[in-house]
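These notes are about the structure you will find just below.
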Amino acid sequence: TVTYNTVIWGFCQQGLANQAFGLLSEMVKKCIDIDSFSCNILLEGFCRIELLKYAQWVKDNLENGGVFGNVISMNILIHAYCKAGEMNYALELMEKMEKEGIFPDIITYNTLIHGFCKTGLFIKAKDLIDKISVSSHNEEGDALVKIDDTKPNLITYTTLISAYCKRQGLEEALSLYEEMVKNGFLPDVVTYSSIIYGLCKHGKLTEAKLLLNEMGKMGVDPNHVTYTILVDLLLKAGNASEAVVLHGHMITRGILFDTVVYTSLIDGLFKTRKSYEAEEIFGLLTKLNIVPNCFTYTVLIDGRSKLGHISGAQSALKEMEERRLVPN
RNA sequence: GCGAUCUCGAGAAG
């Protein structure tokens with residue numbers, strides 16, 4: 001079962017949930033148990049390629065076959081609805097699961113809070129946090145049973161802080177940060193990165209750099225995302241020399257360079273009239289084992305087009321299609 | 001005895 005699940009997982013990661021689904025019948029034929037892991041891996045696979053209805057269908061069928069979902073299955077579906085902005089369906093699902101005796105956990109709540117934030121419903125997000133912050137009681141109302149694992153955690157706070165940084169004021173984000181620390185949660189690299197992102201977007205680059213130093217002192221190492229935020233903004237703000245310094249730190253500290261890091265660099269270089277360097281980096285990607293994605297090519301096409309290099313832009317488009325990337 | 005598979009938060013383009 002675990003072997004099959006691992007293969008199913010592999011297909012799903014590649015966006016091939018349909019083929020993964022085919023393995024289920026093979027399992028049935030060979031009398032290999034299908035468990036809730038098989039179910040959840042597949043559900044996530046269909047959700048990731050946005051075949052939400054199909055995921056639902058698979059789940060219903062598995063349940064008819066005696067394989068029952070759990071809270072994770074529901075979280076996967078709720079997450080998919082949130083991602084699609086269908087908060088009503090997401091909430092409906094949560095009610096449904098409660099009726100079936102599957103209780104939401106903190107991941108369910110975090111998923112919903114993220115969904116609310118993404119659709120701008122901050123009030124609802126806040127309401128939900130308030131609701132899960134109070135101690136739960138057992139059925140007798142004995143106020144004895146405290147269900148701690150549905151109380152807000154670091155991720156709950158970080159979700160909201162990040163959303164505030166993007167869509168509300170920085171002040172709200174920072175006061176929430178203080179509240180979080182007061183409640184005993186120490187920020188991790190994601191929390192710090194979110195705030196650094198907010199500071200950068202509000203033009204507070206000095207503060208952002210200060211925070212970068214502070215997190216190091218607190219024993220939280222910045223990672224490739226943290227650096228991308230800063231390098232991207234420094235470069236695009238015309239502060240190439242500082243961007244280069246940080247880029248150097250990334251190298252000396254052995255930070256991972258992924259497709260996003262490079263795409264951001266290429267874009268920043270094009271936008272600051274350094275197309276030669278931009279092209280140079282793009283040319284190196286294959287050697288560096290970096291697979292350019294749709295974003296990367298759009299940046300390249302945009303950069304070349306705006307310089308009047310139409311044929312270069314066209315060849316980039318062609319190359320993209322050769323790589324079986326679908327232009328959007 | 002231990003070990004393989006599932007769900008939540010941060011970054012790039014138009």
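Going by the structure tokens order, chains are called A, B, ..., each with residues numbered from 1, while ligands are numbered from 1 in the order shown.
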- Message: Taking only C-alpha atoms (C1' of nucleotides) into account and nothing else, which residues of chain B lie no more than 6 Å away from chain A? Please answer as a ChimeraX atom specification.
- Response: /B:5-13
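Closest approach to Tyr164 (chain A) among A:Ile129, A:Lys209, A:Arg253, A:Leu121: A:Leu121, based on only C-alpha atoms.
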- What are the DSSP alpha helix (DSSP H) residues of region 115-311 of chain A, as a ChimeraX atom specification? /A:115-118,122-133,154-167,170-182,189-201,205-217,224-236,240-252,259-271,275-284,294-306,310-311
